[in-house]
$ cat entry_3.cif   # mmCIF, C-alpha atoms
data_start
#
loop_
_atom_site.label_atom_id
_atom_site.label_comp_id
_atom_site.auth_asym_id
_atom_site.auth_seq_id
_atom_site.Cartn_x
_atom_site.Cartn_y
_atom_site.Cartn_z
CA MET A 180 0.00 0.00 0.00
CA ALA A 181 1.47 3.34 -1.02
CA VAL A 182 1.18 5.85 1.79
CA SER A 183 2.30 9.45 1.88
CA SER A 184 4.29 9.97 5.07
CA SER A 185 6.66 12.52 6.51
CA VAL A 186 9.54 10.70 8.18
CA SER A 187 12.32 12.17 10.27
CA ARG A 188 15.52 10.92 8.67
CA GLU A 189 18.16 12.56 10.84
CA PRO A 190 21.06 10.19 11.58
CA SER A 191 20.98 8.25 14.83
CA ALA A 192 23.89 10.27 16.20
CA ALA A 193 21.72 13.38 16.09
CA ILE A 194 19.88 12.13 19.16
CA GLU A 195 22.03 11.19 22.11
CA PRO A 196 19.62 10.82 25.03
CA ALA A 197 20.86 10.37 28.54
CA VAL A 198 20.04 7.18 30.41
CA ASN A 199 17.07 8.94 32.04
CA ARG A 200 15.32 9.25 28.68
CA TYR A 201 13.41 7.04 26.29
CA LEU A 202 13.21 7.17 22.52
CA GLY A 203 9.86 7.25 20.83
CA LEU A 204 8.27 7.17 17.40
CA ARG A 205 5.23 9.37 16.96
CA CYS A 206 2.92 8.82 14.00
CA GLU A 207 -0.67 9.11 12.84
CA ILE A 208 -2.61 6.05 11.75
CA PRO A 209 -6.24 5.57 10.65
CA ALA A 210 -8.52 5.09 13.64
CA SER A 211 -9.90 1.98 11.95
CA LEU A 212 -6.47 0.33 12.36
CA GLU A 213 -6.09 1.07 16.07
CA ASP A 214 -6.90 -2.48 17.21
CA GLU A 215 -4.62 -4.00 14.59
CA PHE A 216 -1.84 -1.63 15.70
CA GLY A 217 -1.90 -3.16 19.17
CA GLY A 218 -1.40 -6.61 17.71
CA LEU A 219 1.34 -5.35 15.42
CA ILE A 220 3.53 -3.88 18.16
CA ALA A 221 3.14 -6.98 20.33
CA SER A 222 5.95 -8.60 18.32
CA TRP A 223 8.20 -5.52 18.39
CA PRO A 224 11.06 -5.01 20.88
CA VAL A 225 9.34 -1.99 22.45
CA LEU A 226 8.60 -0.84 25.99
CA GLY A 227 5.02 0.09 25.19
CA ALA A 228 2.84 2.51 23.29
CA THR A 229 0.14 5.14 23.73
CA VAL A 230 -2.75 5.90 21.37
CA GLU A 231 -4.87 9.05 21.50
CA PRO A 232 -7.57 10.49 19.20
CA ALA A 233 -6.31 13.00 16.62
CA GLY A 234 -9.52 13.85 14.76
CA ASN A 235 -10.25 13.46 11.06
CA GLY A 236 -10.44 9.69 11.43
CA GLN A 237 -6.86 9.45 12.71
CA VAL A 238 -5.21 8.52 16.01
CA VAL A 239 -1.78 9.54 17.26
CA ALA A 240 0.36 6.58 18.29
CA VAL A 241 3.67 6.81 20.13
CA VAL A 242 5.89 3.74 20.45
CA TYR A 243 8.61 3.77 23.13
CA VAL A 244 11.98 2.01 23.13
CA HIS A 245 15.08 2.07 25.33
CA HIS A 246 17.33 5.12 25.01
CA ASP A 247 20.05 3.15 23.16
CA GLN A 248 17.86 1.32 20.65
CA HIS A 249 18.61 3.48 17.59
CA ASP A 250 18.72 0.47 15.26
CA THR A 251 15.30 -0.59 16.48
CA MET A 252 14.00 2.90 15.72
CA ASP A 253 15.26 2.68 12.14
CA ARG A 254 13.54 -0.68 11.62
CA LEU A 255 10.28 0.54 13.10
CA ILE A 256 10.25 3.59 10.82
CA SER A 257 10.52 1.33 7.80
CA ILE A 258 7.66 -0.82 9.05
CA LEU A 259 5.45 2.16 9.80
CA GLU A 260 6.06 3.62 6.35
CA ASP A 261 4.47 0.49 4.88
CA TRP A 262 1.61 0.41 7.35
CA SER A 263 -0.60 3.41 6.61
CA ALA A 264 1.31 5.63 9.06
CA ARG A 265 2.01 9.28 8.30
CA GLU A 266 3.88 12.11 10.00
CA VAL A 267 6.31 9.63 11.51
CA GLN A 268 8.71 11.45 13.82
CA ARG A 269 11.39 10.59 16.33
CA VAL A 270 10.85 11.99 19.80
CA VAL A 271 12.84 11.99 23.01
CA VAL A 272 10.84 11.36 26.17
CA GLU A 273 12.14 12.37 29.57
CA GLN A 274 11.79 9.63 32.15
CA THR A 275 9.25 10.76 34.74
CA ASP A 276 7.98 9.26 37.95
CA TRP A 277 4.34 9.35 36.83
CA LEU A 278 3.16 7.62 39.99
CA ALA A 279 4.73 10.30 42.21
CA ALA A 280 3.24 13.05 40.05
CA TYR A 281 -0.17 11.41 40.25
CA ARG A 282 0.04 11.13 44.03
CA GLU A 283 0.67 14.87 44.30
CA SER A 284 -2.31 15.79 42.15
CA VAL A 285 -4.96 13.28 43.19
CA GLN A 286 -7.65 14.30 45.68
CA PRO A 287 -10.06 12.34 47.90
CA PHE A 288 -13.29 11.34 46.18
CA PRO A 289 -16.61 9.70 47.05
CA VAL A 290 -17.74 6.30 45.84
CA GLY A 291 -21.39 5.38 46.11
CA SER A 292 -23.26 6.75 49.09
CA ARG A 293 -20.97 5.41 51.80
CA TRP A 294 -17.30 5.43 50.86
CA TRP A 295 -14.68 8.18 50.91
CA ILE A 296 -11.44 7.16 49.15
CA ASP A 297 -8.47 9.15 50.42
CA PRO A 298 -5.15 8.69 48.55
CA ARG A 299 -3.20 10.72 51.14
CA PRO A 300 -1.94 8.69 54.11
CA GLY A 301 -1.41 10.88 57.15
CA SER A 302 -3.87 13.54 56.02
CA SER A 303 -5.66 15.28 58.88
CA GLU A 304 -8.68 16.10 56.72
CA SER A 305 -11.84 14.35 57.92
CA GLU A 306 -14.19 12.47 55.66
CA PRO A 307 -17.65 13.96 55.04
CA ARG A 308 -20.30 13.04 57.58
CA GLY A 309 -21.88 9.65 56.94
CA ARG A 310 -18.98 8.30 54.86
CA VAL A 311 -16.33 5.71 55.68
CA ARG A 312 -12.74 6.71 54.92
CA LEU A 313 -10.56 4.16 53.12
CA VAL A 314 -6.95 5.28 52.76
CA VAL A 315 -5.64 3.90 49.46
CA GLU A 316 -2.42 5.49 48.24
CA PRO A 317 -1.81 4.93 44.50
CA ARG A 318 0.91 2.29 44.31
CA GLU A 319 2.06 -0.62 42.16
CA ALA A 320 -1.11 -2.64 42.62
CA PHE A 321 -4.59 -2.49 41.12
CA GLY A 322 -7.33 -0.94 43.23
CA SER A 323 -6.94 2.79 43.87
CA GLY A 324 -10.72 3.12 43.91
CA SER A 325 -10.98 5.07 40.67
CA HIS A 326 -11.67 2.13 38.34
CA GLU A 327 -15.31 1.42 37.51
CA SER A 328 -15.04 -2.28 38.41
CA THR A 329 -13.79 -1.44 41.91
CA GLN A 330 -16.46 1.19 42.40
CA LEU A 331 -19.24 -1.16 41.30
CA VAL A 332 -18.22 -3.76 43.88
CA LEU A 333 -17.93 -1.12 46.61
CA GLN A 334 -21.40 0.15 45.78
CA ALA A 335 -22.83 -3.38 45.79
CA MET A 336 -21.31 -3.98 49.24
CA GLU A 337 -23.11 -0.94 50.67
CA SER A 338 -26.42 -2.80 50.86
CA MET A 339 -24.97 -6.05 52.23
CA ASP A 340 -25.01 -7.23 55.83
CA LEU A 341 -21.49 -8.56 56.31
CA ASP A 342 -21.62 -8.79 60.10
CA GLY A 343 -19.70 -11.91 61.16
CA LEU A 344 -19.33 -13.31 57.62
CA ARG A 345 -16.27 -15.07 56.24
CA VAL A 346 -15.13 -13.06 53.19
CA LEU A 347 -12.60 -13.95 50.49
CA ASP A 348 -11.13 -11.19 48.31
CA VAL A 349 -9.68 -12.81 45.18
CA GLY A 350 -6.98 -10.75 43.44
CA THR A 351 -6.92 -8.26 46.29
CA GLY A 352 -4.45 -5.82 44.71
CA SER A 353 -4.30 -2.84 47.05
CA SER A 354 -6.74 -4.63 49.44
CA ILE A 355 -9.39 -1.93 49.03
CA LEU A 356 -12.28 -4.42 48.86
CA ALA A 357 -10.93 -6.43 51.79
CA LEU A 358 -10.72 -3.21 53.80
CA ALA A 359 -14.31 -2.36 52.93
CA ALA A 360 -15.45 -5.81 54.04
CA ASP A 361 -13.57 -5.49 57.32
CA ARG A 362 -15.05 -2.04 57.90
CA LEU A 363 -18.54 -3.44 57.32
CA GLY A 364 -18.07 -5.90 60.16
CA ALA A 365 -16.99 -9.11 58.44
CA GLY A 366 -15.92 -11.73 60.96
CA GLN A 367 -12.98 -12.96 58.88
CA VAL A 368 -11.41 -11.47 55.74
CA LEU A 369 -8.85 -13.34 53.65
CA ALA A 370 -7.16 -11.31 50.89
CA LEU A 371 -5.56 -13.42 48.16
CA ASP A 372 -3.31 -12.46 45.25
CA MET A 373 -0.83 -14.30 43.04
CA ASP A 374 1.35 -11.20 42.76
CA SER A 375 3.76 -10.88 45.68
CA THR A 376 4.19 -7.16 44.97
CA ALA A 377 0.44 -6.65 45.28
CA VAL A 378 0.37 -8.46 48.63
CA TRP A 379 3.23 -6.28 49.87
CA VAL A 380 1.33 -3.17 48.80
CA ALA A 381 -1.82 -4.54 50.45
CA ARG A 382 0.07 -5.00 53.73
CA GLN A 383 1.23 -1.38 53.61
CA THR A 384 -2.26 -0.14 52.73
CA ILE A 385 -3.83 -2.06 55.60
CA GLY A 386 -1.39 -0.42 58.03
CA GLN A 387 -2.40 3.09 56.86
CA GLN A 388 -6.05 2.92 57.96
CA ASP A 389 -7.68 4.90 60.76
CA TRP A 390 -8.64 1.65 62.47
CA ARG A 391 -6.87 -1.67 62.94
CA PRO A 392 -8.13 -4.02 60.20
CA HIS A 393 -8.13 -7.76 60.83
CA ILE A 394 -7.26 -9.05 57.38
CA GLN A 395 -5.26 -12.17 56.53
CA LEU A 396 -3.03 -11.96 53.45
CA LEU A 397 -2.06 -14.89 51.26
CA ILE A 398 0.13 -15.15 48.16
CA GLY A 399 -0.99 -17.77 45.68
CA PRO A 400 -3.85 -18.99 43.46
CA VAL A 401 -7.35 -19.87 44.68
CA GLY A 402 -6.25 -23.50 44.56
CA ALA A 403 -3.90 -22.80 47.47
CA LEU A 404 -6.93 -22.57 49.79
CA ALA A 405 -7.56 -25.84 51.58
CA GLY A 406 -10.77 -26.67 53.41
CA GLY A 407 -13.42 -24.40 54.80
CA GLY A 408 -15.72 -22.10 52.91
CA PHE A 409 -16.69 -18.47 52.55
CA ASP A 410 -19.98 -16.64 52.81
CA LEU A 411 -18.96 -13.96 50.32
CA VAL A 412 -16.35 -13.87 47.55
CA LEU A 413 -15.22 -10.51 46.18
CA CYS A 414 -13.65 -10.47 42.73
CA ASN A 415 -13.58 -7.46 40.42
#

$ encode --input "entry_3.cif" --output "structure tokens"
Amino acid sequence: MAVSSSVSREPSAAIEPAVNRYLGLRCEIPASLEDEFGGLIASWPVLGATVEPAGNGQVVAVVYVHHDQHDTMDRLISILEDWSAREVQRVVVEQTDWLAAYRESVQPFPVGSRWWIDPRPGSSESEPRGRVRLVVEPREAFGSGSHESTQLVLQAMESMDLDGLRVLDVGTGSSILALAADRLGAGQVLALDMDSTAVWVARQTIGQQDWRPHIQLLIGPVGALAGGGFDLVLCN
């Protein structure tokens, strides 16, 4: 397919990023090819990619590689030229601690009619009257409270009577659902995750609450549970 594209052809030596930078290729592709683009880059030696709407039936895609992968950049440009991409450009991306930046900007927010999610451990600000404060600092585990799946489960739990129940939280991530169950009076809460990093984050999150949660943490698959049963299983 013949495609008109504008490609940056400066020699590799023209860009000498420091080790705290990434290289990127920015291009425009037809929006109709966005899904195929994801499958295409899956086989490339890249760190990842972002895709954003550009209007006029196009999307802007940026593919990221390590700072020293100039040869990879050259190969990717050739591929993109043959794949309906236009305005292909090299870019240099400064390495940024996005998680730290997010922590500084995020504010507490309500979920449902009962919950108050506070991402700021140690904050002296009180939750609104009638709401339960869950301290969940954004970290390297799923479950900051902002995702729709997490919010839907939290809202469903509002109308449940958990007093004295045995609760299992599968794929606990940050432990936000386990914390909610404990706060609602569950008799026993077991939080399970296969990711050891997530369980470590969950342990830290549990220790940041305004009360002393009684939550058991376990690393492993559901098959690691032996005997017994649960009254309620949480899984988002």

$ closest_atom_pairs --input "entry_3.cif" --of "range 238-314 of chain A" --to "range 212-221 of chain A" --cutoff "10 Å" --atoms "all atoms listed in the file" --output "tab-separated table"
residue	atom	partner	partner_atom	distance
A:Val238	CA	A:Glu213	CA	7.5
A:Val239	CA	A:Glu213	CA	9.6
A:Ala240	CA	A:Glu213	CA	8.8
A:Val242	CA	A:Ile220	CA	8.3
A:Leu255	CA	A:Ile220	CA	9.5
A:Trp262	CA	A:Phe216	CA	9.3
A:Ser263	CA	A:Leu212	CA	8.8
A:Ala264	CA	A:Leu212	CA	10.0

$ write_last_selection --input "entry_3.cif" --atoms "C-alpha atoms" --output "tab-separated table (two decimals), in the coordinates of the input"
chain	number	residue	atom	x	y	z
A	238	VAL	CA	-5.21	8.52	16.01
A	239	VAL	CA	-1.78	9.54	17.26
A	240	ALA	CA	0.36	6.58	18.29
A	242	VAL	CA	5.89	3.74	20.45
A	255	LEU	CA	10.28	0.54	13.10
A	262	TRP	CA	1.61	0.41	7.35
A	263	SER	CA	-0.60	3.41	6.61
A	264	ALA	CA	1.31	5.63	9.06

$ resolve_selection --input "entry_3.cif" --expression "the PyMOL selection byres ((chain A and resi 411) around 9)" --output "ChimeraX atom specification"
/A:341,344-348,409-410,412-413

$ resolve_selection --input "entry_3.cif" --expression "the PyMOL selection byres ((chain A and resi 296) around 9)" --output "PyMOL selection string"
chain A and resi 286-290+294-295+297-298+306+311-315+323-325

$ resolve_selection --input "entry_3.cif" --expression "the PyMOL selection byres ((chain A and resi 355) around 9)" --output "PDB file with C-alpha atoms, in the coordinates of the input"
ATOM      1  CA  LEU A 313     -10.560   4.160  53.120  1.00  0.00           C
ATOM      2  CA  VAL A 314      -6.950   5.280  52.760  1.00  0.00           C
ATOM      3  CA  VAL A 315      -5.640   3.900  49.460  1.00  0.00           C
ATOM      4  CA  GLY A 322      -7.330  -0.940  43.230  1.00  0.00           C
ATOM      5  CA  SER A 323      -6.940   2.790  43.870  1.00  0.00           C
ATOM      6  CA  GLY A 324     -10.720   3.120  43.910  1.00  0.00           C
ATOM      7  CA  THR A 329     -13.790  -1.440  41.910  1.00  0.00           C
ATOM      8  CA  LEU A 333     -17.930  -1.120  46.610  1.00  0.00           C
ATOM      9  CA  THR A 351      -6.920  -8.260  46.290  1.00  0.00           C
ATOM     10  CA  GLY A 352      -4.450  -5.820  44.710  1.00  0.00           C
ATOM     11  CA  SER A 353      -4.300  -2.840  47.050  1.00  0.00           C
ATOM     12  CA  SER A 354      -6.740  -4.630  49.440  1.00  0.00           C
ATOM     13  CA  LEU A 356     -12.280  -4.420  48.860  1.00  0.00           C
ATOM     14  CA  ALA A 357     -10.930  -6.430  51.790  1.00  0.00           C
ATOM     15  CA  LEU A 358     -10.720  -3.210  53.800  1.00  0.00           C
ATOM     16  CA  ALA A 359     -14.310  -2.360  52.930  1.00  0.00           C
ATOM     17  CA  ALA A 360     -15.450  -5.810  54.040  1.00  0.00           C
ATOM     18  CA  ALA A 381      -1.820  -4.540  50.450  1.00  0.00           C
ATOM     19  CA  THR A 384      -2.260  -0.140  52.730  1.00  0.00           C
ATOM     20  CA  ILE A 385      -3.830  -2.060  55.600  1.00  0.00           C
TER      21      ILE A 385
END

$ closest_residue --input "entry_3.cif" --among "A:Val271, A:Tyr201, A:Gly364, A:Arg308" --to "Met339 in chain A" --atoms "only C-alpha atoms"
A:Gly364

$ atom_distance --input "entry_3.cif" --atom1 "CA of Ser257 in chain A" --atom2 "CA of Arg205 in chain A"
13.3 Å

$ closest_residue --input "entry_3.cif" --among "A:Val244, A:Val285, A:Met373, A:Val349" --to "Trp223 in chain A" --atoms "all atoms listed in the file"
A:Val244

$ atom_distance --input "entry_3.cif" --atom1 "CA of Leu204 in chain A" --atom2 "CA of Pro232 in chain A"
16.3 Å

$ atom_distance --input "entry_3.cif" --atom1 "CA of Gly399 in chain A" --atom2 "CA of Gly386 in chain A"
21.3 Å

$ closest_residue --input "entry_3.cif" --among "A:Glu260, A:Asp361, A:Asp372, A:Glu207" --to "Ala233 in chain A" --atoms "only C-alpha atoms"
A:Glu207
